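Here is coords.txt, consisting of compact mmCIF, C-alpha atoms:
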# COMPACT_ATOMS: atom_id res chain seq x y z
CA MET U 1 -32.51 -59.93 33.71
CA ILE U 2 -32.36 -57.02 31.27
CA PHE U 3 -36.14 -56.53 31.47
CA ALA U 4 -36.07 -56.73 35.28
CA ALA U 5 -33.46 -54.00 35.36
CA VAL U 6 -35.16 -51.61 32.97
CA PHE U 7 -38.47 -51.88 34.86
CA LEU U 8 -36.77 -49.78 37.55
CA LEU U 9 -36.25 -46.91 35.16
CA THR U 10 -38.85 -44.16 34.85
CA SER U 11 -40.32 -42.66 31.71
CA THR U 12 -40.53 -39.05 30.68
CA ALA U 13 -43.06 -37.14 32.77
CA PHE U 14 -45.69 -34.89 31.23
CA ALA U 15 -47.59 -32.04 32.82
CA LYS U 16 -50.99 -33.15 34.07
CA PHE U 17 -54.08 -31.12 33.28
CA SER U 18 -57.63 -31.53 34.53
CA ASP U 19 -60.11 -32.88 32.01
CA PHE U 20 -62.79 -30.71 33.63
CA ALA U 21 -63.41 -27.00 34.11
CA SER U 22 -61.37 -25.99 37.13
CA GLU U 23 -62.18 -22.35 37.88
CA VAL U 24 -65.21 -20.03 37.99
CA ILE U 25 -64.00 -16.65 36.75
CA ASP U 26 -67.32 -14.78 36.57
CA TYR U 27 -71.01 -15.24 37.31
CA ASN U 28 -74.20 -13.23 37.57
CA GLY U 29 -77.39 -14.33 39.28
CA SER U 30 -78.96 -15.61 42.46
CA PHE U 31 -79.41 -19.05 40.86
CA GLY U 32 -81.63 -21.69 42.43
CA PRO U 33 -82.75 -22.34 45.99
CA LEU U 34 -80.38 -24.11 48.38
CA PRO U 35 -78.56 -26.40 47.51
CA TYR U 36 -78.67 -25.31 43.85
CA ASN U 37 -77.26 -21.81 44.32
CA ASP U 38 -73.47 -22.29 44.25
CA PRO U 39 -71.70 -21.42 40.95
CA CYS U 40 -68.70 -23.54 42.00
CA ALA U 41 -70.81 -26.69 41.93
CA VAL U 42 -70.24 -26.82 38.16
CA LEU U 43 -66.49 -27.42 38.58
CA GLY U 44 -64.76 -30.80 38.48
CA LYS U 45 -66.09 -34.05 37.08
CA PRO U 46 -69.81 -34.86 36.92
CA SER U 47 -71.43 -36.16 40.09
CA THR U 48 -71.73 -39.92 40.41
CA VAL U 49 -73.65 -40.57 43.66
CA CYS U 50 -76.11 -38.34 45.51
CA LYS U 51 -77.94 -38.49 48.80
CA ASN U 52 -81.62 -39.22 48.39
CA SER U 53 -83.80 -36.54 49.95
CA GLY U 54 -86.72 -38.99 50.06
CA GLY U 55 -88.44 -37.72 46.98
CA MET U 56 -87.30 -40.41 44.55
CA GLY U 57 -87.38 -44.19 44.69
CA SER U 58 -89.87 -46.53 46.32
CA PRO U 59 -88.86 -47.06 49.03
CA PRO U 60 -86.25 -44.29 48.96
CA ASP U 61 -82.63 -45.38 49.37
CA PRO U 62 -80.27 -43.25 51.49
CA HIS U 63 -78.28 -42.56 48.34
CA PHE U 64 -78.39 -43.39 44.62
CA ARG U 65 -76.13 -43.68 41.60
CA ILE U 66 -76.73 -41.06 38.92
CA LYS U 67 -78.10 -42.69 35.80
CA LEU U 68 -79.93 -41.74 32.65
CA VAL U 69 -83.29 -42.33 34.38
CA GLU U 70 -82.32 -40.80 37.77
CA PRO U 71 -80.49 -37.46 37.50
CA ALA U 72 -78.25 -35.58 39.92
CA TYR U 73 -80.03 -33.61 42.63
CA ASN U 74 -79.71 -32.75 46.32
CA VAL U 75 -76.07 -33.17 47.55
CA ASP U 76 -73.33 -35.78 47.29
CA LEU U 77 -72.21 -38.18 50.03
CA ASP U 78 -69.94 -35.49 51.50
CA ASP U 79 -72.83 -32.99 51.56
CA GLU U 80 -71.21 -31.03 48.73
CA LYS U 81 -73.48 -29.28 46.24
CA VAL U 82 -73.69 -31.10 42.90
CA ILE U 83 -75.62 -28.93 40.43
CA THR U 84 -76.42 -25.25 39.94
CA THR U 85 -79.69 -23.86 38.61
CA ILE U 86 -79.18 -21.11 36.04
CA ASN U 87 -82.27 -18.97 35.48
CA PRO U 88 -83.06 -16.82 32.43
CA GLY U 89 -80.60 -13.94 32.22
CA GLU U 90 -78.09 -15.53 34.62
CA TYR U 91 -74.72 -17.02 33.69
CA ILE U 92 -71.60 -18.74 35.00
CA THR U 93 -68.24 -18.52 33.22
CA VAL U 94 -65.75 -21.32 33.79
CA LYS U 95 -62.15 -21.79 32.72
CA PHE U 96 -60.06 -24.84 31.89
CA ASP U 97 -56.45 -25.05 33.09
CA HIS U 98 -55.40 -25.70 29.49
CA LYS U 99 -56.42 -24.89 25.93
CA VAL U 100 -59.30 -27.02 24.64
CA VAL U 101 -58.36 -27.56 21.01
CA ASP U 102 -60.28 -28.53 17.91
CA TYR U 103 -58.27 -31.74 17.71
CA PRO U 104 -59.01 -33.80 14.54
CA GLY U 105 -58.62 -37.07 16.48
CA ASN U 106 -61.49 -36.30 18.86
CA LEU U 107 -64.31 -38.84 18.70
CA TYR U 108 -67.09 -37.63 16.36
CA GLY U 109 -65.16 -34.37 16.00
CA LYS U 110 -66.50 -33.12 19.35
CA ASP U 111 -64.34 -30.89 21.51
CA PHE U 112 -66.07 -30.47 24.90
CA ILE U 113 -69.09 -31.76 26.81
CA VAL U 114 -71.60 -30.05 29.12
CA PHE U 115 -73.40 -32.09 31.79
CA GLY U 116 -76.75 -31.12 33.31
CA ASN U 117 -79.37 -33.13 35.15
CA SER U 118 -81.71 -34.08 32.34
CA TYR U 119 -83.12 -37.61 32.27
CA PHE U 120 -85.08 -40.01 30.12
CA TYR U 121 -88.70 -40.55 31.05
CA ALA U 122 -89.56 -44.06 32.15
CA SER U 123 -92.44 -46.08 33.55
CA GLY U 124 -92.62 -46.29 37.34
CA PHE U 125 -90.26 -45.52 40.21
CA VAL U 126 -86.55 -46.27 39.97
CA ASN U 127 -83.75 -46.84 42.47
CA ASP U 128 -80.40 -48.61 42.46
CA ASN U 129 -82.10 -52.01 42.75
CA THR U 130 -84.19 -51.48 39.62
CA ASN U 131 -83.30 -53.95 36.87
CA MET U 132 -82.15 -51.84 33.92
CA ASN U 133 -82.50 -54.92 31.68
CA THR U 134 -86.28 -54.76 31.97
CA PHE U 135 -86.93 -51.13 32.93
CA PRO U 136 -88.60 -49.47 29.91
CA LEU U 137 -88.06 -45.91 28.76
CA THR U 138 -91.10 -44.10 27.40
CA ILE U 139 -90.36 -40.83 25.65
CA GLY U 140 -88.08 -37.86 26.03
CA GLY U 141 -88.26 -34.20 25.18
CA GLU U 142 -85.66 -31.68 24.08
CA PHE U 143 -84.90 -28.73 26.34
CA GLU U 144 -83.37 -25.44 25.21
CA GLU U 145 -82.36 -24.38 28.71
CA ILE U 146 -78.68 -23.39 28.78
CA LYS U 147 -76.99 -21.39 26.01
CA ILE U 148 -73.30 -22.17 25.52
CA SER U 149 -70.69 -19.60 24.49
CA VAL U 150 -66.90 -19.98 24.31
CA SER U 151 -63.90 -17.70 24.41
CA GLN U 152 -60.13 -17.72 24.16
CA ASP U 153 -59.50 -14.79 26.51
CA GLY U 154 -62.71 -14.42 28.54
CA LEU U 155 -63.52 -11.18 26.70
CA THR U 156 -64.47 -12.02 23.13
CA TRP U 157 -67.26 -14.59 22.92
CA TYR U 158 -68.52 -16.96 20.26
CA SER U 159 -71.95 -18.53 20.78
CA PHE U 160 -73.76 -21.67 19.73
CA ASP U 161 -76.82 -19.56 18.96
CA GLY U 162 -78.84 -22.34 17.38
CA GLY U 163 -77.83 -24.99 19.87
CA PRO U 164 -76.98 -27.52 21.00
CA TYR U 165 -77.89 -26.51 24.53
CA GLY U 166 -76.64 -27.56 27.95
CA ASP U 167 -78.84 -29.71 30.21
CA ASP U 168 -80.17 -31.56 27.16
CA LEU U 169 -79.09 -34.71 25.35
CA PHE U 170 -77.63 -36.90 26.75
CA PRO U 171 -78.47 -37.55 30.45
CA THR U 172 -75.51 -38.39 32.68
CA GLN U 173 -74.75 -42.11 33.07
CA ALA U 174 -72.23 -42.46 35.90
CA TYR U 175 -71.52 -46.21 36.12
CA LYS U 176 -71.36 -49.23 33.86
CA TRP U 177 -74.25 -51.67 34.01
CA ASP U 178 -73.59 -55.43 34.18
CA ARG U 179 -76.27 -56.99 31.96
CA GLU U 180 -75.35 -60.58 32.78
CA ASN U 181 -75.66 -60.14 36.53
CA ALA U 182 -78.33 -57.41 36.32
CA GLY U 183 -76.48 -55.05 38.62
CA TRP U 184 -74.29 -51.98 38.80
CA THR U 185 -70.52 -52.13 38.69
CA ASP U 186 -68.10 -49.76 40.40
CA ASN U 187 -66.56 -48.84 37.05
CA GLU U 188 -67.34 -45.31 35.94
CA MET U 189 -68.34 -44.44 32.41
CA ASP U 190 -66.05 -42.10 30.47
CA PHE U 191 -66.99 -38.45 31.06
CA THR U 192 -64.55 -37.30 28.38
CA ARG U 193 -66.12 -39.45 25.65
CA PRO U 194 -69.09 -38.04 23.69
CA VAL U 195 -72.19 -40.05 22.85
CA ASN U 196 -72.73 -40.66 19.13
CA PRO U 197 -74.23 -37.31 18.00
CA ASN U 198 -76.20 -39.07 15.26
CA LEU U 199 -78.51 -40.44 17.95
CA ASP U 200 -81.55 -38.43 19.06
CA TYR U 201 -84.45 -38.88 21.44
CA SER U 202 -86.31 -41.12 19.01
CA ASP U 203 -83.53 -43.73 19.30
CA PHE U 204 -84.25 -44.07 23.01
CA GLU U 205 -88.03 -44.29 22.92
CA TYR U 206 -89.58 -47.54 24.16
CA ILE U 207 -86.31 -49.41 24.72
CA THR U 208 -84.95 -50.64 28.05
CA ALA U 209 -82.59 -48.53 30.14
CA ALA U 210 -79.90 -51.19 29.63
CA ALA U 211 -80.28 -50.87 25.85
CA ALA U 212 -80.00 -47.10 26.21
CA ILE U 213 -76.77 -47.48 28.20
CA ASP U 214 -75.45 -49.72 25.42
CA LEU U 215 -76.15 -46.93 22.91
CA TYR U 216 -73.92 -44.62 24.95
CA GLY U 217 -70.92 -46.74 23.90
CA GLY U 218 -69.07 -46.26 27.19
CA SER U 219 -69.73 -42.52 27.38
CA GLY U 220 -70.87 -40.86 30.59
CA GLY U 221 -73.35 -38.78 28.59
CA GLY U 222 -73.70 -35.01 28.37
CA THR U 223 -74.26 -32.63 25.46
CA SER U 224 -71.17 -32.49 23.24
CA PHE U 225 -70.01 -29.49 21.21
CA ASP U 226 -67.84 -29.12 18.12
CA LEU U 227 -66.05 -25.79 17.80
CA ARG U 228 -66.40 -26.07 14.04
CA ASP U 229 -70.17 -25.62 14.45
CA LEU U 230 -69.57 -21.99 15.47
CA VAL U 231 -70.58 -19.60 12.69
CA ASP U 232 -67.40 -17.61 13.37
CA PHE U 233 -65.13 -20.61 13.94
CA ALA U 234 -62.52 -19.12 11.59
CA SER U 235 -62.22 -16.12 13.93
CA LEU U 236 -60.66 -18.30 16.62
CA GLU U 237 -56.89 -17.88 16.75
CA ILE U 238 -54.65 -20.84 15.98
CA ASP U 239 -52.33 -22.03 18.72
CA PRO U 240 -48.80 -21.78 17.26
CA ASN U 241 -47.62 -24.72 19.37
CA THR U 242 -50.27 -27.19 18.19
CA GLY U 243 -51.58 -25.72 14.95
CA TYR U 244 -55.20 -26.02 16.14
CA ARG U 245 -57.90 -23.49 16.94
CA TRP U 246 -58.83 -23.49 20.59
CA ILE U 247 -60.87 -22.07 23.49
CA GLN U 248 -60.29 -21.94 27.24
CA TYR U 249 -63.49 -20.38 28.65
CA VAL U 250 -67.08 -21.61 28.55
CA LYS U 251 -70.07 -19.43 29.49
CA LEU U 252 -73.19 -21.23 30.70
CA GLY U 253 -76.10 -18.84 30.19
CA GLY U 254 -79.78 -19.10 31.05
CA THR U 255 -82.13 -18.86 28.06
CA PRO U 256 -85.48 -17.04 27.93
CA PHE U 257 -87.31 -20.36 27.77
CA SER U 258 -86.79 -21.78 31.27
CA ASN U 259 -84.19 -22.42 33.93
CA GLY U 260 -81.75 -25.31 33.67
CA GLU U 261 -79.15 -27.11 35.76
CA ILE U 262 -75.44 -27.61 35.13
CA ASP U 263 -73.21 -30.19 36.79
CA ALA U 264 -69.87 -30.10 34.92
CA VAL U 265 -67.96 -29.25 31.75
CA SER U 266 -65.34 -31.62 30.32
CA ASP U 267 -62.73 -31.62 27.60
CA VAL U 268 -63.06 -34.44 25.06
CA VAL U 269 -59.98 -36.63 25.43
CA ALA U 270 -58.15 -38.30 22.56
CA CYS U 271 -54.89 -40.19 22.79
CA GLY U 272 -52.18 -38.05 21.23
CA ASP U 273 -53.92 -34.73 21.72
CA PRO U 274 -51.91 -31.79 23.16
CA THR U 275 -52.81 -32.61 26.79
CA HIS U 276 -52.76 -36.42 26.45
CA PRO U 277 -49.51 -37.38 24.66
CA TYR U 278 -48.96 -40.83 23.25
CA PRO U 279 -47.51 -43.15 25.90
CA VAL U 280 -43.71 -43.15 25.98
CA GLY U 281 -42.63 -46.19 23.97
CA ASP U 282 -45.72 -46.11 21.73
CA ILE U 283 -43.68 -46.12 18.54
CA ASN U 284 -46.55 -46.73 16.11
CA HIS U 285 -48.95 -44.30 17.88
CA ASP U 286 -51.80 -46.76 18.42
CA CYS U 287 -52.07 -45.70 22.09
CA ARG U 288 -50.67 -49.00 23.34
CA VAL U 289 -47.13 -50.08 24.23
CA ASP U 290 -46.95 -53.71 23.22
CA PHE U 291 -45.17 -56.34 21.10
CA VAL U 292 -45.78 -54.34 17.93
CA ASP U 293 -43.69 -51.49 19.33
CA PHE U 294 -41.05 -53.98 20.52
CA ALA U 295 -40.85 -55.44 17.01
CA ILE U 296 -40.34 -51.97 15.52
CA LEU U 297 -37.71 -51.20 18.14
CA SER U 298 -35.91 -54.47 17.38
CA GLN U 299 -35.82 -53.75 13.66
CA ASP U 300 -34.42 -50.27 14.26
CA TRP U 301 -31.97 -51.26 17.00
CA LEU U 302 -28.85 -50.88 14.90
CA ALA U 303 -30.20 -47.75 13.23
CA GLY U 304 -29.98 -45.61 16.33
CA SER U 305 -32.22 -47.07 19.06
CA ASP U 306 -30.53 -47.46 22.43
CA TRP U 307 -31.11 -48.63 26.00
CA ASP U 308 -33.20 -45.56 26.78
CA ASP U 309 -35.67 -46.55 24.07
CA LEU U 310 -35.96 -50.06 25.49
CA ALA U 311 -36.32 -48.74 29.04
CA ALA U 312 -39.16 -46.43 28.01
CA LEU U 313 -40.94 -49.22 26.16
CA VAL U 314 -40.78 -51.69 29.02
CA ASP U 315 -41.68 -49.08 31.65
CA ASN U 316 -44.94 -48.35 29.81
CA TRP U 317 -45.70 -51.87 28.66
CA LEU U 318 -49.38 -52.24 27.62
CA GLU U 319 -50.15 -48.72 28.78
CA CYS U 320 -53.30 -47.27 27.28
CA THR U 321 -54.75 -43.79 27.39
Would it be possible to restate this file's structure as structure tokens?
Amino acid sequence: MIFAAVFLLTSTAFAKFSDFASEVIDYNGSFGPLPYNDPCAVLGKPSTVCKNSGGMGSPPDPHFRIKLVEPAYNVDLDDEKVITTINPGEYITVKFDHKVVDYPGNLYGKDFIVFGNSYFYASGFVNDNTNMNTFPLTIGGEFEEIKISVSQDGLTWYSFDGGPYGDDLFPTQAYKWDRENAGWTDNEMDFTRPVNPNLDYSDFEYITAAAAIDLYGGSGGGTSFDLRDLVDFASLEIDPNTGYRWIQYVKLGGTPFSNGEIDAVSDVVACGDPTHPYPVGDINHDCRVDFVDFAILSQDWLAGSDWDDLAALVDNWLECT
């Protein structure tokens, strides 16, 4: 009866931030031909499904899921533009609605991810009915198409002059693949999780698409960036509230080499970071509220824990971030 009662109680609410760039604050260029000419197409999460213009697939499907062998192009199912072409000398500057921090708990030490429309080369046509278990990749190539710079105030910029570059490793993988049933699921990959940066194109040569998806480890792909790779990283101010260096603006600039496409920019998410607090009731900070936390609460009950602690624990039971 006690547990039934406390389930009705609510936990402490936290401000919600977007994990993706939410505002275009500046741009320069004419960009690509329609529908690749809208700077605002780079906002929000990466595209997951696009309409097929008839140029890909045999026979072409009316729409397709974005995958590491079939990149975003054309428009989405609501006829919204999905990617923007950035030519040499052009740029788009986007802003997050929060500070993107150099959080030590971020996977692989990466802090943000840029998504383009690169893809792995493969043998033959591909559509949503293609069996990824047997569809072989051939070889890929690196592209130095979009230069990435970051800023705290939108005025002073710090650049990844030697790369990595946007619209490069790793191609977007929108949905999870079911190997056993050889089909796509409706479960999206994690667009805030970087791919293992120790992998390179050679790791994906001459393996199946399904094996390549396995190598992503649940990530939705994209090129990930670590603020510590900036030559002038130490010039970034430290946020007094978190104790971490941070940025809030990302500039996507065309390089002299060729044009490139950008779909989205995401913050790398880690449980316990400044915008993703540990779940209320997660006493041991393992990002779960479970029997371990209940055991700790029970041991400390007479040392100051109260009904509010129990209510918070039960209200968030088995919550994960």
Write out as a compact mmCIF listing (two decimals) with C-alpha atoms, in the frame of the given file each polymer residue whose atoms come within 10 Å of segment 120-137 of chain U, counting all atoms listed in the file; drop sequence neighbours fewer than 6 positions from it.
# COMPACT_ATOMS: atom_id res chain seq x y z
CA ASN U 52 -81.62 -39.22 48.39
CA MET U 56 -87.30 -40.41 44.55
CA GLY U 57 -87.38 -44.19 44.69
CA SER U 58 -89.87 -46.53 46.32
CA PRO U 59 -88.86 -47.06 49.03
CA PRO U 60 -86.25 -44.29 48.96
CA ASP U 61 -82.63 -45.38 49.37
CA HIS U 63 -78.28 -42.56 48.34
CA PHE U 64 -78.39 -43.39 44.62
CA ARG U 65 -76.13 -43.68 41.60
CA ILE U 66 -76.73 -41.06 38.92
CA LYS U 67 -78.10 -42.69 35.80
CA LEU U 68 -79.93 -41.74 32.65
CA VAL U 69 -83.29 -42.33 34.38
CA GLU U 70 -82.32 -40.80 37.77
CA PRO U 71 -80.49 -37.46 37.50
CA LEU U 169 -79.09 -34.71 25.35
CA PHE U 170 -77.63 -36.90 26.75
CA PRO U 171 -78.47 -37.55 30.45
CA TRP U 177 -74.25 -51.67 34.01
CA ASP U 178 -73.59 -55.43 34.18
CA ARG U 179 -76.27 -56.99 31.96
CA GLU U 180 -75.35 -60.58 32.78
CA ASN U 181 -75.66 -60.14 36.53
CA ALA U 182 -78.33 -57.41 36.32
CA GLY U 183 -76.48 -55.05 38.62
CA TRP U 184 -74.29 -51.98 38.80
CA TYR U 201 -84.45 -38.88 21.44
CA PHE U 204 -84.25 -44.07 23.01
CA GLU U 205 -88.03 -44.29 22.92
CA TYR U 206 -89.58 -47.54 24.16
CA ILE U 207 -86.31 -49.41 24.72
CA THR U 208 -84.95 -50.64 28.05
CA ALA U 209 -82.59 -48.53 30.14
CA ALA U 210 -79.90 -51.19 29.63
CA ALA U 211 -80.28 -50.87 25.85
CA ALA U 212 -80.00 -47.10 26.21
CA ILE U 213 -76.77 -47.48 28.20
Could the residues of segment 153-197 of chain U that have an atom at most 12 Å from segment 240-251 of chain U be listed as CSV, each with its closest atom pair and the distance in Å to one decimal, counting all atoms listed in the file and ordered by chain and ascending residue number?
residue,atom,partner,partner_atom,distance
U:Asp153,CA,U:Tyr249,CA,7.2
U:Gly154,CA,U:Tyr249,CA,6.0
U:Leu155,CA,U:Tyr249,CA,9.4
U:Thr156,CA,U:Tyr249,CA,10.1
U:Trp157,CA,U:Lys251,CA,8.6
U:Tyr158,CA,U:Val250,CA,9.6
U:Ser159,CA,U:Lys251,CA,9.0
U:Phe160,CA,U:Lys251,CA,10.7
U:Tyr165,CA,U:Lys251,CA,11.7
U:Gly166,CA,U:Lys251,CA,10.6
message = Using only C-alpha atoms, which protein or nucleic acid residues come within 7 Å of Ser266 of chain U? Drop anything in the same chain fewer than 4 positions from it, and give the result as an MDAnalysis selection string.
response = chainID U and resid 19:21 112:114 192
remark   = Closest of U:Phe257, U:Phe191, U:Phe233, U:Tyr175 to Ser219 of chain U, counting all atoms listed in the file, is U:Phe191
Please identify all polymer residues within 12 Å of Ala41 of chain U, counting all atoms listed in the file, omitting same-chain residues fewer than 3 positions from it, and present them as a PDB file with C-alpha atoms, in the coordinates of the input.
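Final output, saved to around09.pdb:
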ATOM      1  CA  ALA U  21     -63.410 -27.000  34.110  1.00  0.00           C
ATOM      2  CA  SER U  22     -61.370 -25.990  37.130  1.00  0.00           C
ATOM      3  CA  GLU U  23     -62.180 -22.350  37.880  1.00  0.00           C
ATOM      4  CA  VAL U  24     -65.210 -20.030  37.990  1.00  0.00           C
ATOM      5  CA  PHE U  31     -79.410 -19.050  40.860  1.00  0.00           C
ATOM      6  CA  GLY U  32     -81.630 -21.690  42.430  1.00  0.00           C
ATOM      7  CA  LEU U  34     -80.380 -24.110  48.380  1.00  0.00           C
ATOM      8  CA  PRO U  35     -78.560 -26.400  47.510  1.00  0.00           C
ATOM      9  CA  TYR U  36     -78.670 -25.310  43.850  1.00  0.00           C
ATOM     10  CA  ASN U  37     -77.260 -21.810  44.320  1.00  0.00           C
ATOM     11  CA  ASP U  38     -73.470 -22.290  44.250  1.00  0.00           C
ATOM     12  CA  GLY U  44     -64.760 -30.800  38.480  1.00  0.00           C
ATOM     13  CA  LYS U  45     -66.090 -34.050  37.080  1.00  0.00           C
ATOM     14  CA  PRO U  46     -69.810 -34.860  36.920  1.00  0.00           C
ATOM     15  CA  SER U  47     -71.430 -36.160  40.090  1.00  0.00           C
ATOM     16  CA  ALA U  72     -78.250 -35.580  39.920  1.00  0.00           C
ATOM     17  CA  TYR U  73     -80.030 -33.610  42.630  1.00  0.00           C
ATOM     18  CA  ASN U  74     -79.710 -32.750  46.320  1.00  0.00           C
ATOM     19  CA  VAL U  75     -76.070 -33.170  47.550  1.00  0.00           C
ATOM     20  CA  ASP U  76     -73.330 -35.780  47.290  1.00  0.00           C
ATOM     21  CA  ASP U  79     -72.830 -32.990  51.560  1.00  0.00           C
ATOM     22  CA  GLU U  80     -71.210 -31.030  48.730  1.00  0.00           C
ATOM     23  CA  LYS U  81     -73.480 -29.280  46.240  1.00  0.00           C
ATOM     24  CA  VAL U  82     -73.690 -31.100  42.900  1.00  0.00           C
ATOM     25  CA  ILE U  83     -75.620 -28.930  40.430  1.00  0.00           C
ATOM     26  CA  THR U  84     -76.420 -25.250  39.940  1.00  0.00           C
ATOM     27  CA  THR U  85     -79.690 -23.860  38.610  1.00  0.00           C
ATOM     28  CA  ILE U  86     -79.180 -21.110  36.040  1.00  0.00           C
ATOM     29  CA  ILE U  92     -71.600 -18.740  35.000  1.00  0.00           C
ATOM     30  CA  VAL U  94     -65.750 -21.320  33.790  1.00  0.00           C
ATOM     31  CA  PHE U 115     -73.400 -32.090  31.790  1.00  0.00           C
ATOM     32  CA  GLY U 116     -76.750 -31.120  33.310  1.00  0.00           C
ATOM     33  CA  GLU U 261     -79.150 -27.110  35.760  1.00  0.00           C
ATOM     34  CA  ILE U 262     -75.440 -27.610  35.130  1.00  0.00           C
ATOM     35  CA  ASP U 263     -73.210 -30.190  36.790  1.00  0.00           C
ATOM     36  CA  ALA U 264     -69.870 -30.100  34.920  1.00  0.00           C
ATOM     37  CA  VAL U 265     -67.960 -29.250  31.750  1.00  0.00           C
TER      38      VAL U 265
END
task = Can you work out the spacing between atom CA of Ala174 of chain U and atom CA of Gly218 of chain U in Å, to one decimal?
result = 10.0 Å
remark   = atom CA of Pro104 of chain U sits from atom CA of Glu188 of chain U at a separation of 25.7 Å
ask   = What is the distance between atom CA of Gly254 of chain U and atom CA of Asp190 of chain U, in Å to one decimal?
value =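 Separation of atom CA of Gly254 of chain U and atom CA of Asp190 of chain U: 26.8 Å.
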